[in-house]
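Next comes data_28.txt, a file with compact mmCIF, C-alpha atoms and all ligand atoms.
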# COMPACT_ATOMS: atom_id res chain seq x y z
CA LEU A 1 -13.35 -11.34 12.24
CA LEU A 2 -13.27 -7.83 13.67
CA SER A 3 -16.38 -6.47 15.40
CA GLY A 4 -18.69 -4.13 13.50
CA ASP A 5 -17.19 -0.97 15.04
CA ASP A 6 -13.61 -2.19 14.57
CA ALA A 7 -14.35 -2.99 10.94
CA ARG A 8 -15.95 0.43 10.39
CA TYR A 9 -12.95 2.34 11.78
CA LEU A 10 -10.43 0.22 9.92
CA GLU A 11 -12.37 0.67 6.71
CA PHE A 12 -12.33 4.43 7.30
CA ALA A 13 -8.55 4.26 7.80
CA LEU A 14 -8.23 2.35 4.51
CA ASP A 15 -10.22 5.11 2.78
CA LEU A 16 -7.94 7.76 4.33
CA ALA A 17 -4.85 5.93 3.04
CA GLU A 18 -6.16 6.17 -0.54
CA LYS A 19 -6.09 9.98 -0.37
CA ALA A 20 -2.35 9.87 -1.05
CA LYS A 21 -2.54 7.45 -4.00
CA GLY A 22 0.25 8.34 -6.41
CA TYR A 23 2.14 10.41 -3.82
CA THR A 24 3.81 7.96 -1.45
CA SER A 25 6.07 5.68 -3.52
CA PRO A 26 8.38 4.07 -2.57
CA ASN A 27 6.60 4.36 0.77
CA PRO A 28 3.29 2.57 1.33
CA LEU A 29 -0.24 3.96 1.50
CA VAL A 30 -1.23 4.06 5.18
CA GLY A 31 -4.22 5.53 7.01
CA ALA A 32 -4.91 5.76 10.75
CA VAL A 33 -7.72 6.74 13.13
CA VAL A 34 -7.56 7.47 16.88
CA VAL A 35 -10.76 6.40 18.64
CA ARG A 36 -11.86 6.61 22.29
CA LYS A 37 -15.25 5.51 23.61
CA GLY A 38 -16.84 5.51 20.18
CA ARG A 39 -15.53 8.95 19.22
CA ILE A 40 -12.95 9.71 16.57
CA LEU A 41 -10.30 11.94 18.17
CA GLY A 42 -7.98 12.20 15.16
CA GLU A 43 -7.44 10.91 11.66
CA GLY A 44 -4.45 10.93 9.33
CA TRP A 45 -2.62 9.35 6.47
CA HIS A 46 0.91 9.16 5.15
CA ALA A 47 1.21 11.89 2.53
CA GLY A 48 4.58 10.88 1.05
CA PRO A 49 8.30 10.41 1.69
CA GLY A 50 9.54 12.73 4.44
CA CYS A 51 6.00 13.33 5.74
CA ASP A 52 4.55 12.01 9.01
CA HIS A 53 3.64 8.35 9.19
CA ALA A 54 -0.14 7.88 9.33
CA GLU A 55 -0.23 7.13 13.09
CA ILE A 56 1.70 10.32 13.84
CA ALA A 57 -0.51 12.33 11.47
CA ALA A 58 -3.61 10.99 13.26
CA ILE A 59 -2.14 11.80 16.71
CA ARG A 60 -1.19 15.27 15.51
CA ASP A 61 -4.75 15.75 14.26
CA ALA A 62 -6.05 14.73 17.71
CA LEU A 63 -3.72 17.29 19.37
CA ARG A 64 -4.80 19.96 16.90
CA ARG A 65 -8.48 19.27 17.54
CA LYS A 66 -7.79 19.80 21.26
CA GLY A 67 -6.19 23.14 20.48
CA ARG A 68 -2.60 21.99 21.15
CA LYS A 69 -1.27 24.10 18.32
CA ALA A 70 2.41 24.00 19.23
CA HIS A 71 2.54 20.21 18.90
CA ALA A 72 1.04 20.37 15.47
CA PHE A 73 4.36 21.63 14.14
CA GLU A 74 6.95 19.80 16.22
CA SER A 75 8.71 17.04 14.34
CA VAL A 76 8.96 14.75 17.38
CA LEU A 77 5.81 14.61 19.45
CA ASP A 78 6.05 15.09 23.21
CA ALA A 79 4.84 11.86 24.84
CA GLY A 80 3.27 13.75 27.77
CA ALA A 81 1.21 15.92 25.45
CA VAL A 82 0.11 12.90 23.42
CA ARG A 83 -0.87 11.05 26.60
CA SER A 84 -2.92 13.99 27.83
CA VAL A 85 -5.07 13.79 24.69
CA CYS A 86 -4.88 10.14 23.55
CA ALA A 87 -4.48 8.05 26.75
CA GLY A 88 -7.00 5.20 26.79
CA SER A 89 -7.55 5.37 23.01
CA SER A 90 -7.41 2.73 20.33
CA MET A 91 -5.39 3.25 17.17
CA TYR A 92 -6.73 1.79 13.92
CA VAL A 93 -3.95 1.64 11.38
CA THR A 94 -3.98 -0.02 7.96
CA LEU A 95 -0.35 -1.20 8.06
CA GLU A 96 1.70 -2.49 10.97
CA PRO A 97 3.35 0.40 12.88
CA CYS A 98 7.05 0.76 12.14
CA CYS A 99 9.61 -0.05 14.81
CA THR A 100 12.69 1.21 12.98
CA VAL A 101 14.31 4.61 13.09
CA GLY A 102 14.09 6.18 9.64
CA ARG A 103 13.65 9.82 8.82
CA THR A 104 11.28 9.81 11.80
CA PRO A 105 11.33 7.99 15.19
CA PRO A 106 9.53 4.60 15.34
CA CYS A 107 5.74 4.83 15.52
CA THR A 108 5.70 2.05 18.12
CA THR A 109 7.49 4.43 20.54
CA ALA A 110 4.81 7.10 20.03
CA LEU A 111 2.02 4.55 20.59
CA VAL A 112 3.55 3.09 23.76
CA GLY A 113 4.48 6.53 25.15
CA GLY A 114 1.10 8.00 24.20
CA GLY A 115 -0.92 5.66 26.44
CA PHE A 116 -2.77 3.79 23.69
CA VAL A 117 -4.61 0.76 25.06
CA ARG A 118 -5.39 -1.17 21.87
CA ILE A 119 -4.08 -1.25 18.32
CA VAL A 120 -5.99 -2.68 15.35
CA VAL A 121 -3.76 -3.36 12.36
CA GLY A 122 -4.89 -3.99 8.76
CA ALA A 123 -1.84 -5.89 7.48
CA ILE A 124 1.74 -6.80 8.39
CA ASP A 125 4.34 -4.44 6.93
CA PRO A 126 6.64 -6.76 4.95
CA SER A 127 9.52 -4.24 4.96
CA PRO A 128 12.85 -5.54 6.26
CA GLY A 129 13.22 -4.76 9.94
CA VAL A 130 9.44 -4.63 10.50
CA ASP A 131 7.61 -7.75 9.18
CA GLY A 132 5.80 -8.55 12.44
CA ARG A 133 8.35 -7.00 14.81
CA GLY A 134 6.28 -3.83 15.23
CA ILE A 135 3.35 -5.91 16.50
CA GLN A 136 5.63 -8.02 18.73
CA LEU A 137 7.12 -4.90 20.26
CA LEU A 138 3.71 -3.39 21.04
CA ARG A 139 2.50 -6.65 22.61
CA ALA A 140 5.72 -6.90 24.64
CA ALA A 141 4.93 -3.40 25.96
CA GLY A 142 1.56 -4.74 27.14
CA ILE A 143 -0.66 -3.25 24.44
CA PRO A 144 -3.14 -5.71 22.90
CA VAL A 145 -2.82 -5.75 19.11
CA GLU A 146 -5.45 -7.16 16.80
CA LEU A 147 -4.52 -8.10 13.24
CA ALA A 148 -7.41 -7.93 10.77
CA ASP A 149 -8.54 -10.97 8.82
CA GLY A 150 -11.15 -11.51 6.12
CA PRO A 151 -12.04 -8.92 3.46
CA LEU A 152 -10.51 -5.93 5.30
CA ALA A 153 -7.16 -7.69 5.70
CA HIS A 154 -7.34 -8.53 2.03
CA ARG A 155 -8.02 -4.92 1.09
CA ALA A 156 -5.19 -3.73 3.36
CA LYS A 157 -2.77 -6.10 1.60
CA ARG A 158 -3.98 -5.18 -1.87
CA GLN A 159 -3.58 -1.49 -1.05
CA ASN A 160 0.20 -1.99 -1.08
CA ASP A 161 0.52 -4.68 -3.74
CA GLY A 162 3.66 -3.04 -5.12
CA LEU A 163 5.52 -2.89 -1.81
CA ARG A 164 4.51 -6.46 -0.89
CA LYS A 165 5.52 -7.95 -4.24
CA SER A 166 8.86 -6.13 -4.38
CA VAL A 167 9.81 -7.01 -0.80
CA ARG A 168 8.65 -10.63 -1.01
CA ARG A 169 9.79 -11.45 -4.57
CA GLY A 170 12.34 -8.80 -5.52
CA VAL A 171 10.37 -7.70 -8.61
CA PRO A 172 7.63 -5.09 -9.11
CA PHE A 173 3.88 -5.72 -9.23
CA VAL A 174 2.96 -5.68 -12.92
CA THR A 175 -0.46 -4.83 -14.37
CA TYR A 176 -0.92 -5.57 -18.06
CA LYS A 177 -3.39 -3.15 -19.57
CA TYR A 178 -4.70 -3.44 -23.10
CA ALA A 179 -7.62 -2.39 -25.24
CA MET A 180 -9.23 -4.85 -27.62
CA SER A 181 -12.17 -4.96 -29.97
CA LEU A 182 -15.15 -7.15 -29.16
CA ASP A 183 -13.71 -9.70 -31.61
CA GLY A 184 -10.51 -9.89 -29.55
CA ARG A 185 -8.05 -7.78 -31.55
CA VAL A 186 -5.60 -5.20 -30.19
CA ALA A 187 -4.78 -3.83 -33.66
CA THR A 188 -5.98 -4.06 -37.27
CA ASP A 189 -4.05 -6.16 -39.78
CA SER A 190 -2.15 -3.01 -40.77
CA GLY A 191 -1.09 -2.55 -37.12
CA ASP A 192 -3.34 0.42 -36.36
CA SER A 193 -4.62 0.54 -32.77
CA CYS A 194 -5.29 4.23 -32.16
CA TRP A 195 -7.78 4.24 -30.63
CA ILE A 196 -9.61 1.06 -29.91
CA SER A 197 -10.89 2.22 -26.53
CA SER A 198 -12.93 5.30 -25.68
CA THR A 199 -11.66 8.66 -24.36
CA GLU A 200 -13.13 7.72 -20.96
CA SER A 201 -10.99 4.55 -20.88
CA ARG A 202 -7.90 6.44 -21.99
CA ASP A 203 -8.45 9.08 -19.30
CA LEU A 204 -8.54 6.27 -16.74
CA VAL A 205 -5.26 4.89 -18.11
CA HIS A 206 -3.64 8.31 -17.65
CA ARG A 207 -4.67 8.14 -14.00
CA TRP A 208 -3.15 4.65 -13.72
CA ARG A 209 0.07 5.96 -15.26
CA ALA A 210 0.18 8.70 -12.62
CA TRP A 211 -0.21 6.04 -9.90
CA SER A 212 2.47 3.75 -11.35
CA ASP A 213 6.21 3.92 -10.76
CA ALA A 214 6.92 2.82 -14.34
CA VAL A 215 5.13 2.36 -17.67
CA VAL A 216 6.62 -0.27 -20.00
CA VAL A 217 6.21 -1.02 -23.72
CA GLY A 218 8.06 -3.25 -26.16
CA ALA A 219 10.10 -2.01 -29.10
CA GLY A 220 7.25 -2.89 -31.51
CA THR A 221 4.79 -0.52 -29.87
CA LEU A 222 7.40 2.22 -29.75
CA ALA A 223 8.02 1.84 -33.49
CA ARG A 224 4.36 1.49 -34.52
CA ASP A 225 2.55 3.89 -32.18
CA ASP A 226 5.25 6.44 -31.28
CA PRO A 227 3.78 6.93 -27.77
CA ARG A 228 4.92 9.46 -25.15
CA LEU A 229 3.66 7.36 -22.21
CA THR A 230 3.33 10.37 -19.88
CA ALA A 231 0.36 10.85 -17.55
CA ARG A 232 -1.56 13.73 -19.09
CA GLY A 233 -4.71 15.64 -18.12
CA VAL A 234 -4.69 14.17 -14.61
CA GLU A 235 -3.23 15.08 -11.23
CA CYS A 236 0.27 13.63 -11.24
CA ALA A 237 2.75 14.03 -8.38
CA GLN A 238 5.55 12.50 -10.41
CA GLN A 239 5.68 11.21 -13.98
CA PRO A 240 6.33 7.45 -14.11
CA LEU A 241 9.64 6.13 -15.35
CA ARG A 242 8.89 5.45 -19.04
CA VAL A 243 10.54 2.27 -20.24
CA VAL A 244 10.98 0.68 -23.66
CA VAL A 245 12.39 -2.83 -23.95
CA GLY A 246 14.01 -4.17 -27.13
CA ARG A 247 17.28 -5.70 -28.29
CA ARG A 248 17.60 -3.25 -31.15
CA LEU A 249 15.56 -0.09 -30.97
CA ASP A 250 14.46 1.41 -34.24
CA ILE A 251 14.59 5.07 -33.39
CA ARG A 252 13.67 6.37 -36.80
CA ARG A 253 10.18 6.46 -35.33
CA GLY A 254 9.51 6.17 -31.63
CA CYS A 255 10.92 9.63 -31.12
CA ALA A 256 8.10 11.21 -29.15
CA LEU A 257 9.26 9.19 -26.15
CA PHE A 258 12.90 10.22 -26.39
CA GLN A 259 12.15 13.78 -27.38
CA SER A 260 9.97 14.24 -24.31
CA ALA A 261 12.73 13.28 -21.87
CA ASP A 262 12.23 16.68 -20.22
CA ASP A 263 8.68 15.62 -19.20
CA GLY A 264 9.97 12.76 -17.06
CA PRO A 265 12.60 10.03 -16.95
CA VAL A 266 13.02 7.63 -19.90
CA LEU A 267 14.86 4.30 -19.76
CA ALA A 268 15.71 2.13 -22.76
CA VAL A 269 16.38 -1.47 -21.74
CA VAL A 270 18.39 -2.89 -24.60
CA GLY A 271 20.50 -5.88 -25.64
CA LYS A 272 24.26 -6.08 -25.88
CA ASP A 273 24.04 -5.81 -29.70
CA LEU A 274 22.55 -2.32 -29.75
CA PRO A 275 24.88 -0.28 -31.97
CA PRO A 276 26.92 2.17 -29.84
CA GLU A 277 25.86 5.10 -32.04
CA VAL A 278 22.17 4.42 -31.25
CA ARG A 279 23.01 4.34 -27.56
CA GLU A 280 24.81 7.66 -27.90
CA ILE A 281 21.83 9.22 -29.67
CA LEU A 282 19.45 7.98 -26.94
CA GLU A 283 21.66 9.27 -24.15
CA GLY A 284 22.13 12.54 -26.03
CA LEU A 285 18.35 12.95 -26.00
CA GLY A 286 18.37 12.57 -22.21
CA ALA A 287 17.32 8.90 -21.96
CA GLU A 288 19.13 6.39 -19.81
CA THR A 289 20.09 3.03 -21.30
CA ALA A 290 20.62 -0.29 -19.54
CA VAL A 291 21.90 -3.48 -21.14
CA ILE A 292 20.46 -6.77 -19.90
CA PRO A 293 21.11 -10.38 -20.85
CA GLU A 294 18.95 -12.46 -23.14
CA ASP A 295 17.01 -15.50 -21.95
CA PRO A 296 17.55 -18.99 -23.46
CA SER A 297 15.16 -18.13 -26.32
CA GLY A 298 17.37 -15.16 -27.26
CA GLU A 299 14.85 -12.53 -26.09
CA LEU A 300 15.44 -9.94 -23.38
CA ASP A 301 14.73 -11.79 -20.15
CA PRO A 302 11.51 -10.44 -18.53
CA ALA A 303 12.68 -11.38 -15.03
CA GLU A 304 15.94 -9.49 -15.57
CA VAL A 305 14.03 -6.40 -16.74
CA CYS A 306 11.84 -6.61 -13.63
CA ARG A 307 14.82 -7.03 -11.30
CA LEU A 308 16.49 -4.06 -12.96
CA LEU A 309 13.36 -1.96 -12.35
CA ALA A 310 13.09 -3.14 -8.72
CA ALA A 311 16.69 -2.05 -8.17
CA ARG A 312 15.52 1.43 -9.22
CA HIS A 313 12.79 1.38 -6.53
CA VAL A 314 10.06 0.63 -9.06
CA GLN A 315 7.34 -1.22 -7.16
CA THR A 316 4.46 -0.91 -9.63
CA VAL A 317 4.59 -1.31 -13.40
CA LEU A 318 1.86 -0.58 -15.92
CA LEU A 319 2.73 -2.79 -18.89
CA GLU A 320 1.05 -1.23 -21.94
CA GLY A 321 1.94 -3.87 -24.48
CA GLY A 322 2.04 -4.84 -27.19
CA PRO A 323 1.15 -8.49 -27.46
CA THR A 324 4.69 -9.81 -28.06
CA ILE A 325 6.27 -8.45 -24.88
CA ALA A 326 3.08 -9.10 -22.90
CA GLY A 327 3.01 -12.75 -24.04
CA ALA A 328 6.65 -13.19 -23.00
CA TRP A 329 6.11 -11.52 -19.61
CA TRP A 330 2.99 -13.61 -18.98
CA ARG A 331 4.79 -16.88 -19.72
CA ALA A 332 7.68 -15.74 -17.49
CA GLY A 333 5.18 -15.26 -14.63
CA MET A 334 5.88 -11.53 -14.40
CA ILE A 335 2.28 -10.28 -14.86
CA ASP A 336 0.20 -10.09 -11.68
CA LYS A 337 -2.94 -8.34 -12.84
CA ILE A 338 -4.81 -8.00 -16.13
CA ALA A 339 -6.87 -4.93 -17.03
CA GLY A 340 -8.55 -5.46 -20.40
CA PHE A 341 -10.76 -2.81 -21.98
CA ILE A 342 -13.23 -4.36 -24.40
CA SER A 343 -14.60 -1.96 -26.96
CA PRO A 344 -17.93 -2.60 -28.71
CA ARG A 345 -16.19 -2.46 -32.07
CA ILE A 346 -15.41 -5.23 -34.58
CA LEU A 347 -12.10 -5.14 -36.47
CA GLY A 348 -11.94 -8.54 -38.18
CA GLY A 349 -8.75 -9.46 -40.02
CA LEU A 350 -6.56 -12.37 -41.05
CA GLU A 351 -3.70 -12.01 -38.58
CA HIS A 352 -3.69 -13.22 -35.00
CA ARG A 353 -3.93 -9.98 -33.03
CA GLY A 354 -4.86 -11.13 -29.51
CA PRO A 355 -3.49 -9.38 -26.42
CA LEU A 356 -1.00 -12.16 -25.52
CA LEU A 357 1.13 -13.53 -28.35
CA GLY A 358 3.11 -16.77 -28.23
CA PRO A 359 2.53 -20.38 -27.19
CA GLY A 360 -0.68 -20.55 -25.19
CA ALA A 361 -2.62 -23.17 -23.25
CA ALA A 362 -2.93 -26.60 -24.85
CA GLY A 363 -6.53 -26.99 -23.77
CA VAL A 364 -9.07 -24.62 -22.24
CA HIS A 365 -8.59 -26.35 -18.88
CA ASP A 366 -4.88 -25.48 -18.99
CA GLY A 367 -5.72 -21.76 -19.18
CA THR A 368 -5.39 -19.45 -16.17
CA GLY A 369 -8.61 -18.48 -14.40
CA LEU A 370 -8.19 -15.02 -12.88
CA ARG A 371 -9.19 -14.24 -9.28
CA GLU A 372 -11.03 -11.31 -7.74
CA VAL A 373 -12.50 -10.50 -11.12
CA GLU A 374 -14.28 -7.16 -11.48
CA ILE A 375 -16.29 -5.90 -14.41
CA ALA A 376 -17.04 -2.21 -14.93
CA ARG A 377 -18.47 0.08 -17.60
CA VAL A 378 -16.09 2.84 -18.69
CA GLY A 379 -17.89 5.03 -21.22
CA PRO A 380 -18.97 2.63 -23.98
CA ASP A 381 -16.26 0.08 -23.02
CA VAL A 382 -16.29 -2.81 -20.60
CA LEU A 383 -13.27 -3.09 -18.29
CA VAL A 384 -12.46 -6.53 -16.92
CA THR A 385 -9.78 -6.79 -14.23
CA GLY A 386 -8.46 -9.82 -12.39
CA TYR A 387 -5.42 -11.13 -10.54
CA ARG A 388 -3.24 -14.10 -11.27
CA GLU A 389 -2.53 -14.81 -7.57
CA GLY A 390 -3.71 -13.73 -4.14
CA PRO A 391 -1.96 -10.83 -2.36
CA PHE A 392 1.70 -11.31 -1.48
N1 LIG B 401 -4.57 -2.23 -28.22
C1 LIG B 401 -3.59 -2.13 -27.37
O1 LIG B 401 -3.81 -2.08 -26.15
C2 LIG B 401 -2.18 -2.08 -27.86
C3 LIG B 401 -1.16 -1.76 -26.96
C4 LIG B 401 0.15 -1.73 -27.43
C5 LIG B 401 0.41 -2.03 -28.76
N2 LIG B 401 -0.62 -2.33 -29.60
C6 LIG B 401 -0.34 -2.65 -30.99
O2 LIG B 401 0.48 -3.79 -31.02
C7 LIG B 401 1.29 -3.73 -32.18
C8 LIG B 401 2.73 -3.92 -31.78
O3 LIG B 401 2.86 -5.23 -31.34
P1 LIG B 401 4.24 -5.89 -30.98
O4 LIG B 401 3.89 -7.21 -30.41
O5 LIG B 401 5.15 -5.79 -32.11
O6 LIG B 401 4.76 -4.87 -29.87
P2 LIG B 401 5.61 -5.03 -28.54
O7 LIG B 401 5.26 -6.24 -27.82
O8 LIG B 401 5.46 -3.71 -27.88
O9 LIG B 401 7.08 -5.11 -29.08
C9 LIG B 401 7.65 -6.30 -29.53
C10 LIG B 401 9.13 -6.22 -29.33
O10 LIG B 401 9.41 -6.15 -27.95
C11 LIG B 401 10.75 -6.57 -27.77
N3 LIG B 401 10.83 -7.47 -26.62
C12 LIG B 401 11.34 -7.13 -25.41
N4 LIG B 401 11.34 -8.17 -24.58
C13 LIG B 401 10.85 -9.22 -25.27
C14 LIG B 401 10.64 -10.57 -24.93
N5 LIG B 401 10.94 -11.07 -23.73
N6 LIG B 401 10.12 -11.40 -25.87
C15 LIG B 401 9.81 -10.93 -27.09
N7 LIG B 401 9.99 -9.64 -27.46
C16 LIG B 401 10.50 -8.77 -26.56
C17 LIG B 401 11.19 -7.25 -29.05
O11 LIG B 401 12.05 -6.33 -29.70
P3 LIG B 401 13.54 -6.80 -30.12
O12 LIG B 401 13.34 -7.83 -31.14
O13 LIG B 401 14.22 -5.55 -30.57
O14 LIG B 401 14.15 -7.34 -28.85
C18 LIG B 401 9.90 -7.39 -29.82
O15 LIG B 401 10.07 -7.34 -31.20
C19 LIG B 401 1.05 -2.38 -32.82
O16 LIG B 401 0.17 -2.57 -33.88
C20 LIG B 401 0.42 -1.61 -31.73
O17 LIG B 401 -0.42 -0.60 -32.24
C21 LIG B 401 -1.89 -2.36 -29.17
If you convert what's in this file into structure tokens, what do you get?
Ligand SMILES: NC(=O)c1ccc[n+]([C@@H]2O[C@H](COP(=O)([O-])OP(=O)(O)OC[C@H]3O[C@@H](n4cnc5c(N)ncnc54)[C@H](OP(=O)(O)O)[C@@H]3O)[C@@H](O)[C@H]2O)c1
Amino acid sequence: LLSGDDARYLEFALDLAEKAKGYTSPNPLVGAVVVRKGRILGEGWHAGPGCDHAEIAAIRDALRRKGRKAHAFESVLDAGAVRSVCAGSSMYVTLEPCCTVGRTPPCTTALVGGGFVRIVVGAIDPSPGVDGRGIQLLRAAGIPVELADGPLAHRAKRQNDGLRKSVRRGVPFVTYKYAMSLDGRVATDSGDSCWISSTESRDLVHRWRAWSDAVVVGAGTLARDDPRLTARGVECAQQPLRVVVGRRLDIRRGCALFQSADDGPVLAVVGKDLPPEVREILEGLGAETAVIPEDPSGELDPAEVCRLLAARHVQTVLLEGGPTIAGAWWRAGMIDKIAGFISPRILGGLEHRGPLLGPGAAGVHDGTGLREVEIARVGPDVLVTGYREGPF
């Protein structure tokens, strides 16, 4: 485990990384702190594609604090100037420093050239070309590198769940969010579900939409609820890709989504039997369509949908239901995290209206116990979250 001071600085770097939540995709969240003899010289985070990597932002902050104004604006930092301010420092960075030339020079070069004497890293960067090589390169240059373990390492990995899952498995990280009554129903027998959860819970969901690369619903929810699926009333750098999945889309209703194509991208993932005239109407409204194959049960294959989204650089998906698509995605192993809002409201009814429809566990012991479970109050609702697996 890291020492108390190491843990404190790394935790601070993890907090800094969160400042850019919703702004960095497809890049990761990363924070960094430059420390010498118990003093923070500079702090920074990656603000989004095309912006400085966190280590460079922290170095630049250190230069700025020393009054080196010119260097604050140069795109490539002068190693001599960095050394004059940072030599003998430690760098705490939440994700392994990059060693590849992208839009910017490798961060490892800046760290070696800048005279850093120790690097503390939160988690390995799984990206191709990095994946441990950044650390190797620093060690080969004679700089001791410490890789976090325990709860901070866990937090560092979780911070970039989307990147890790898409690099390691080729599909996005999927969170299934639903709202249910205390008696376990996501809709009344007539199909009404607006709104089971409170305004506070719905505001939180808008924030999650803004942080997600894509929001997905099945054709049934589109037809019944006519949602727009945009992030509204919250800070939103970029609207998520709004996706509806169904072999045949009934677009007599479900028009709010397609008629709001100007608000952000819309993708209809459909089957090969979708009538060409429907496809033309959708594309005429500004939506994109993609045809995918069916699985052996004749339904649109969840893994294929996820691979299609990954190919469009979608790393995080907020699956908003309903129970039919969610049940299929759960059984296909595509759901990584559950976020269930439980409202203190009783709906009753004759139909099965649970959040996951389809064949379930044979016995209670065959069910899936979630990990890292958290329980929170959101207005009058209770929010329970948990993961299916550990971090990737
Ligand atoms: N409380 C909540 O959080 C919440 C959230 C959402 C919806 N709802 C409620 O849920 C109800 C709608 O439920 P629903 O189950 O019909 O909606 P759904 O799951 O959104 O849509 C079902 C449709 O999704 C398509 N689909 C795509 N991939 C599939 C797959 N692999 N397997 C099976 N189907 C797939 C199918 O359309 P095709 O047959 O055309 O392929 C299927 O008929 C509404 O009453 C709505 O208000 C509640």
Review point. Which residues sit within 7 Å of ligand LIG 401 (chain B), counting all atoms listed in the file, listed as number ranges by chain?
Key: A: 177-180, 186-187, 191-194, 196, 217-222, 224-225, 245-249, 299-302, 320-326, 328-329
Size and centre in Å, one decimal, axis-aligned box, all listed region 293-304 of chain A atoms plus 4 Å per side, as JSON:
{"center_x": 16.3, "center_y": -14.2, "center_z": -21.1, "size_x": 17.6, "size_y": 17.5, "size_z": 20.2}
Practice item. Name the closest residue to Trp45 (chain A) among the candidates A:Leu282, A:Leu16, A:Leu63, A:Ala290; distances are taken between atoms, counting all atoms listed in the file. Key: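 Among A:Leu282, A:Leu16, A:Leu63, A:Ala290, it is A:Leu16 that comes nearest to Trp45 (chain A).
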Exercise for review: Enter the distance from CA of Asp6 (chain A) to CA of Gly386 (chain A), in Å, rounded to one decimal.
Suggested key: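 Atom-to-atom, CA of Asp6 (chain A) to CA of Gly386 (chain A), that is 28.5 Å.
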Practice item. For region 364-374 of chain A, please output as a list in words all residues within 6 Å (counting only C-alpha atoms; exclusion window: fewer than 5 positions along the same chain). Key: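 Result of the neighbour search: Val384, Thr385, Gly386, Tyr387 and Arg388 of chain A.
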Review point. If I put a ball of radius 12 Å at (20.5, -9.8, -21.2) in the file's coordinates, which residues poke into it when counting all atoms listed in the file, written as number ranges by chain?
Key: A: 245-247, 269-274, 290-308
Exercise for review: Give as a ChimeraX atom specification each residue that has an atom at most 12 Å from (-8.8, 5.3, -21.9) in the file, counting all atoms listed in the file.
Suggested key: /A:177-180,194-209,231-233,320,339-343,377-383
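Taking CA of Gly42 (chain A) as the reference point, CA of Gln136 (chain A) is found at 24.6 Å.
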**Study point:** Gap from CA of Ala17 (chain A) to CA of Thr94 (chain A) - Å, one decimal
**Key:** 7.8 Å
Check your understanding: Looking at A:Arg353, A:Lys37, A:Arg168, A:Arg155, which one is nearest to Val117 (chain A), with distances taken over all atoms listed in the file?
Key ->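 Ranked by minimum distance to Val117 (chain A), first place goes to A:Lys37.
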Exercise for review: Please identify all polymer residues within 12 Å of Pro49 (chain A), counting all atoms listed in the file, omitting same-chain residues fewer than 3 positions from it, and present them as a ChimeraX atom specification.
Suggested key: /A:20,22-30,45-46,52-54,102-104
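Using all atoms listed in the file, the nearest neighbour of Leu357 (chain A) within the list A:Ser166, A:Leu2, A:Leu14, A:Trp330 is A:Trp330.
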**Study point:** Within 12 Å of Gly142 (chain A) using only C-alpha atoms, minus same-chain residues under 6 positions, as JSON, numbers by chain
**Key:** {"A": [111, 112, 113, 115, 116, 117, 118, 119, 135, 136]}
Practice item. Using all atoms listed in the file, pick whichever of A:Val216, A:Val171, A:Leu229, A:Ala223 has the shortest atom-to-atom distance to His313 (chain A). Key: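 Nearest candidate to His313 (chain A) out of A:Val216, A:Val171, A:Leu229, A:Ala223: A:Val171.
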Point to revise | Among the residues A:Pro265, A:Pro97, A:Gly114, A:Gly358, the one that comes closest to Val82 (chain A) [using all atoms listed in the file] | key: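 Closest residue, counting all atoms listed in the file: A:Gly114.
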If you count only C-alpha atoms, which residues fall within 8 Å of Leu267 (chain A), apart from same-chain ones fewer than 3 positions away, as a PDB file with C-alpha atoms, keeping the file's coordinate frame?
ATOM      1  CA  LEU A 241       9.640   6.130 -15.350  1.00  0.00           C
ATOM      2  CA  ARG A 242       8.890   5.450 -19.040  1.00  0.00           C
ATOM      3  CA  VAL A 243      10.540   2.270 -20.240  1.00  0.00           C
ATOM      4  CA  VAL A 244      10.980   0.680 -23.660  1.00  0.00           C
ATOM      5  CA  ALA A 287      17.320   8.900 -21.960  1.00  0.00           C
ATOM      6  CA  GLU A 288      19.130   6.390 -19.810  1.00  0.00           C
ATOM      7  CA  THR A 289      20.090   3.030 -21.300  1.00  0.00           C
ATOM      8  CA  ALA A 290      20.620  -0.290 -19.540  1.00  0.00           C
TER       9      ALA A 290
END
